[in-house]
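In what follows, a single structure is set out as structure tokens and then discussed.
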Amino acid sequence: MSPAKEPLASRSALVLTVSDRTYQGTREDASGGLLEERLVALGFEVERRTVPDDVPRIAQALVDGAARHRLVISTGGTGLTPRDVTPQATAGVLDYEVPGIAEAMRADGRATTPFAVMSRGLVGVRGSSLIVNVPGSPKGSMESFAVLEPILVHALETLAGPFDHGVARAAGRDDLPPGSPDA
């Protein structure tokens, strides 16, 4: 009999920076730092990791992160250059995509810059963890996170399952986000 898997903490996150230059130590990780700061302010315990723009290394970091955390946010590698391979690595490890979130991030970003539509970031699920790709620029990463933030707690609770509409409210839960199906 194998040992029972320890449940993932609902407020645990990995911020994964995907960048050759940051990995080599020649560029500061501004986006990763900003994402960590915001997640900590929201009550998350945050682990940070950096990997180069390499599909196998990114994929392994995502798999490892999803095994330890309920939320994995990667920053970087979502553009159009040949080294921007984060979406390819992410697609290979997801159980399924959540395209509406990625579409909303691009649509919201387009209000600021027409280049937002060139981001190829994915959002999806592996096990009971949410994996989110955001752009590598500090501005783009934080704008994308701002789209995720209002739905984040509900998404993580839903992934924790089992989740039956109305059960949380009947149990006296009053911490549901406004507009959630149980509110």
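Simple scheme: letters A, B, ... for chains in structure tokens order, numbers from 1 for residues in each chain, numbers from 1 for ligands in the order shown.
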
Which polymer residues have any atom within 12 Å of an atom of stretch 25-41 of chain A, counting only C-alpha atoms, with same-chain residues fewer than 2 positions away left out, as a compact mmCIF listing (two decimals) with N, CA and C atoms, in the first residue's frame?
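For reference, around_11.txt as written:
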```txt
# COMPACT_ATOMS: atom_id res chain seq x y z
N ARG A 11 -3.25 27.84 0.05
CA ARG A 11 -2.58 29.14 -0.13
C ARG A 11 -1.09 28.97 -0.33
N SER A 12 -0.73 28.05 -1.20
CA SER A 12 0.66 27.77 -1.50
C SER A 12 0.87 27.96 -2.99
N ALA A 13 1.95 28.66 -3.36
CA ALA A 13 2.17 28.97 -4.78
C ALA A 13 3.65 28.88 -5.13
N LEU A 14 3.89 28.50 -6.39
CA LEU A 14 5.22 28.59 -6.98
C LEU A 14 5.19 29.69 -8.02
N VAL A 15 6.15 30.60 -7.95
CA VAL A 15 6.37 31.58 -9.01
C VAL A 15 7.60 31.10 -9.75
N LEU A 16 7.39 30.70 -11.00
CA LEU A 16 8.44 30.14 -11.83
C LEU A 16 8.83 31.16 -12.90
N THR A 17 10.04 31.66 -12.82
CA THR A 17 10.52 32.60 -13.82
C THR A 17 11.24 31.81 -14.91
N VAL A 18 10.80 32.02 -16.15
CA VAL A 18 11.39 31.34 -17.30
C VAL A 18 12.17 32.38 -18.10
N SER A 19 13.49 32.29 -18.00
CA SER A 19 14.34 33.28 -18.66
C SER A 19 15.78 32.80 -18.68
N ASP A 20 16.37 32.73 -19.85
CA ASP A 20 17.77 32.36 -19.95
C ASP A 20 18.64 33.34 -19.16
N ARG A 21 18.40 34.63 -19.37
CA ARG A 21 19.25 35.65 -18.74
C ARG A 21 19.09 35.69 -17.22
N THR A 22 17.87 35.54 -16.73
CA THR A 22 17.68 35.52 -15.28
C THR A 22 18.31 34.27 -14.69
N TYR A 23 18.14 33.14 -15.37
CA TYR A 23 18.75 31.89 -14.91
C TYR A 23 20.27 32.01 -14.85
N GLY A 43 -1.96 36.41 1.16
CA GLY A 43 -1.90 35.33 2.14
C GLY A 43 -1.31 34.02 1.65
N PHE A 44 -0.61 34.05 0.53
CA PHE A 44 0.01 32.84 0.00
C PHE A 44 1.42 32.67 0.55
N GLU A 45 1.79 31.42 0.75
CA GLU A 45 3.18 31.06 1.00
C GLU A 45 3.77 30.82 -0.38
N VAL A 46 4.89 31.48 -0.70
CA VAL A 46 5.40 31.47 -2.07
C VAL A 46 6.81 30.87 -2.13
N GLU A 47 6.98 29.97 -3.08
CA GLU A 47 8.29 29.45 -3.44
C GLU A 47 8.67 30.10 -4.77
N ARG A 48 9.94 30.41 -4.94
CA ARG A 48 10.42 30.99 -6.21
C ARG A 48 11.41 30.04 -6.83
N ARG A 49 11.38 29.99 -8.17
CA ARG A 49 12.32 29.16 -8.91
C ARG A 49 12.54 29.80 -10.27
N THR A 50 13.73 29.62 -10.83
CA THR A 50 14.06 30.13 -12.16
C THR A 50 14.60 28.99 -13.00
N VAL A 51 14.15 28.93 -14.24
CA VAL A 51 14.65 27.93 -15.20
C VAL A 51 14.95 28.64 -16.51
N PRO A 52 15.83 28.06 -17.33
CA PRO A 52 16.09 28.63 -18.65
C PRO A 52 14.95 28.33 -19.62
N LEU A 71 -1.12 26.45 -6.72
CA LEU A 71 -1.02 27.46 -7.76
C LEU A 71 0.41 27.52 -8.26
N VAL A 72 0.58 27.46 -9.58
CA VAL A 72 1.88 27.63 -10.21
C VAL A 72 1.73 28.72 -11.25
N ILE A 73 2.47 29.81 -11.07
CA ILE A 73 2.45 30.90 -12.03
C ILE A 73 3.83 31.00 -12.65
N SER A 74 3.88 30.84 -13.96
CA SER A 74 5.15 31.05 -14.66
C SER A 74 5.13 32.42 -15.30
N THR A 75 6.26 33.07 -15.30
CA THR A 75 6.39 34.37 -15.93
C THR A 75 7.52 34.31 -16.94
N GLY A 76 7.20 34.67 -18.18
CA GLY A 76 8.21 34.68 -19.24
C GLY A 76 8.01 33.56 -20.24
N VAL A 132 -0.67 28.76 -14.49
CA VAL A 132 -0.96 29.99 -15.22
C VAL A 132 0.33 30.53 -15.82
N ASN A 133 0.34 30.78 -17.13
CA ASN A 133 1.48 31.45 -17.79
C ASN A 133 1.14 32.93 -17.93
N VAL A 134 2.04 33.80 -17.48
CA VAL A 134 1.88 35.24 -17.69
C VAL A 134 3.12 35.76 -18.41
N PRO A 135 3.02 36.92 -19.04
CA PRO A 135 4.18 37.49 -19.74
C PRO A 135 5.35 37.75 -18.79
N GLY A 136 6.51 37.93 -19.37
CA GLY A 136 7.71 38.16 -18.58
C GLY A 136 7.93 39.61 -18.19
N SER A 137 7.27 40.54 -18.85
CA SER A 137 7.45 41.95 -18.48
C SER A 137 6.74 42.22 -17.16
N PRO A 138 7.30 43.06 -16.30
CA PRO A 138 6.64 43.38 -15.04
C PRO A 138 5.21 43.89 -15.24
N LYS A 139 5.03 44.80 -16.19
CA LYS A 139 3.69 45.36 -16.44
C LYS A 139 2.73 44.28 -16.93
N GLY A 140 3.16 43.50 -17.91
CA GLY A 140 2.30 42.45 -18.46
C GLY A 140 1.97 41.37 -17.44
N SER A 141 2.94 41.00 -16.62
CA SER A 141 2.68 39.96 -15.62
C SER A 141 1.67 40.42 -14.59
N MET A 142 1.79 41.66 -14.15
CA MET A 142 0.87 42.16 -13.12
C MET A 142 -0.52 42.45 -13.69
N GLU A 143 -0.59 42.93 -14.94
CA GLU A 143 -1.90 43.12 -15.56
C GLU A 143 -2.61 41.77 -15.72
N SER A 144 -1.88 40.75 -16.12
CA SER A 144 -2.47 39.42 -16.26
C SER A 144 -2.91 38.88 -14.91
N PHE A 145 -2.08 39.05 -13.89
CA PHE A 145 -2.45 38.57 -12.56
C PHE A 145 -3.69 39.30 -12.04
N ALA A 146 -3.84 40.57 -12.38
CA ALA A 146 -5.02 41.32 -11.94
C ALA A 146 -6.31 40.72 -12.48
N LEU A 148 -6.67 37.43 -13.02
CA LEU A 148 -6.82 36.18 -12.29
C LEU A 148 -7.28 36.41 -10.85
N GLU A 149 -6.80 37.46 -10.24
CA GLU A 149 -7.00 37.67 -8.80
C GLU A 149 -8.44 37.57 -8.31
N LEU A 152 -9.39 33.80 -8.24
CA LEU A 152 -8.36 32.86 -7.80
C LEU A 152 -8.82 31.96 -6.66
N VAL A 153 -9.36 32.53 -5.60
CA VAL A 153 -9.76 31.72 -4.45
C VAL A 153 -10.84 30.71 -4.85
```

What does the distance between atom CA of A:Ser10 and atom CA of A:Arg70 come to in Å, to one decimal place?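 Going from atom CA of A:Ser10 over to atom CA of A:Arg70, I get 5.8 Å.
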
Which parts of chain A does DSSP call alpha helix (DSSP H) when run on the backbone here, written out as JSON, numbers by chain? {"A": [20, 21, 22, 23, 24, 30, 31, 32, 33, 34, 35, 36, 37, 38, 39, 40, 41, 55, 56, 57, 58, 59, 60, 61, 62, 63, 64, 65, 66, 67, 68, 86, 87, 88, 89, 90, 91, 99, 100, 101, 102, 103, 104, 105, 106, 107, 108, 109, 110, 138, 139, 140, 141, 142, 143, 144, 145, 146, 147, 148, 149, 150, 151, 152, 153, 154, 155, 156, 157, 158, 159, 160, 167, 168, 169, 170]}

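Atom CA of A:Arg68 sits 13.9 Å away from atom CA of A:Leu156.
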
Which residues in chain A does DSSP call strand (DSSP E or B)? List them as a count of residues only. 31

Name the residues in contact with A:Gly79 at a cut-off of 7 Å, using only C-alpha atoms, excluding same-chain residues fewer than 5 positions from it; report them as a list of chain:residue names. A:Asp84, A:Met118, A:Ser119, A:Arg120

Atom CA of A:Arg106 to atom CA of A:Ile131: how many Å, to one decimal?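 Distance between the two atoms: 16.2 Å.
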
Find the residues around A:Val147 up to 10 Å (only C-alpha atoms counted), leave out those fewer than 5 positions away in its own chain, and share them as a list of chain:residue names.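 Skipping anything fewer than 5 positions along the chain leaves A:Ile101, A:Ala102, A:Ala104, A:Met105, A:Arg106, A:Ala107, A:Asp108, A:Gly109, A:Met142, A:Leu152.
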
Write the residues of the preceding selection, restricted to N, CA, C and O atoms, as a PDB file, in the first residue's frame.
```pdb
ATOM      1  N   ILE A 101      -9.657  31.961 -18.969  1.00  0.00           N
ATOM      2  CA  ILE A 101      -8.789  32.832 -18.173  1.00  0.00           C
ATOM      3  C   ILE A 101      -7.688  33.426 -19.047  1.00  0.00           C
ATOM      4  O   ILE A 101      -7.433  34.634 -19.002  1.00  0.00           O
ATOM      5  N   ALA A 102      -7.054  32.591 -19.869  1.00  0.00           N
ATOM      6  CA  ALA A 102      -5.997  33.102 -20.755  1.00  0.00           C
ATOM      7  C   ALA A 102      -6.567  34.110 -21.748  1.00  0.00           C
ATOM      8  O   ALA A 102      -5.939  35.147 -22.024  1.00  0.00           O
ATOM      9  N   ALA A 104      -9.157  36.030 -21.264  1.00  0.00           N
ATOM     10  CA  ALA A 104      -9.473  37.259 -20.520  1.00  0.00           C
ATOM     11  C   ALA A 104      -8.209  38.070 -20.250  1.00  0.00           C
ATOM     12  O   ALA A 104      -8.227  39.305 -20.332  1.00  0.00           O
ATOM     13  N   MET A 105      -7.102  37.396 -19.954  1.00  0.00           N
ATOM     14  CA  MET A 105      -5.846  38.119 -19.718  1.00  0.00           C
ATOM     15  C   MET A 105      -5.406  38.848 -20.983  1.00  0.00           C
ATOM     16  O   MET A 105      -4.997  40.006 -20.922  1.00  0.00           O
ATOM     17  N   ARG A 106      -5.496  38.178 -22.128  1.00  0.00           N
ATOM     18  CA  ARG A 106      -5.110  38.840 -23.380  1.00  0.00           C
ATOM     19  C   ARG A 106      -6.060  39.993 -23.703  1.00  0.00           C
ATOM     20  O   ARG A 106      -5.624  41.064 -24.124  1.00  0.00           O
ATOM     21  N   ALA A 107      -7.349  39.781 -23.527  1.00  0.00           N
ATOM     22  CA  ALA A 107      -8.329  40.832 -23.827  1.00  0.00           C
ATOM     23  C   ALA A 107      -8.121  42.049 -22.934  1.00  0.00           C
ATOM     24  O   ALA A 107      -8.156  43.192 -23.407  1.00  0.00           O
ATOM     25  N   ASP A 108      -7.879  41.809 -21.659  1.00  0.00           N
ATOM     26  CA  ASP A 108      -7.656  42.921 -20.736  1.00  0.00           C
ATOM     27  C   ASP A 108      -6.361  43.657 -21.091  1.00  0.00           C
ATOM     28  O   ASP A 108      -6.309  44.885 -21.079  1.00  0.00           O
ATOM     29  N   GLY A 109      -5.323  42.909 -21.421  1.00  0.00           N
ATOM     30  CA  GLY A 109      -4.054  43.520 -21.791  1.00  0.00           C
ATOM     31  C   GLY A 109      -4.154  44.361 -23.045  1.00  0.00           C
ATOM     32  O   GLY A 109      -3.446  45.359 -23.209  1.00  0.00           O
ATOM     33  N   MET A 142       1.786  41.662 -14.150  1.00  0.00           N
ATOM     34  CA  MET A 142       0.868  42.164 -13.124  1.00  0.00           C
ATOM     35  C   MET A 142      -0.524  42.450 -13.695  1.00  0.00           C
ATOM     36  O   MET A 142      -1.529  42.231 -13.012  1.00  0.00           O
ATOM     37  N   LEU A 152      -9.390  33.800  -8.242  1.00  0.00           N
ATOM     38  CA  LEU A 152      -8.363  32.856  -7.805  1.00  0.00           C
ATOM     39  C   LEU A 152      -8.823  31.958  -6.659  1.00  0.00           C
ATOM     40  O   LEU A 152      -8.699  30.731  -6.732  1.00  0.00           O
TER      41      LEU A 152
END
```
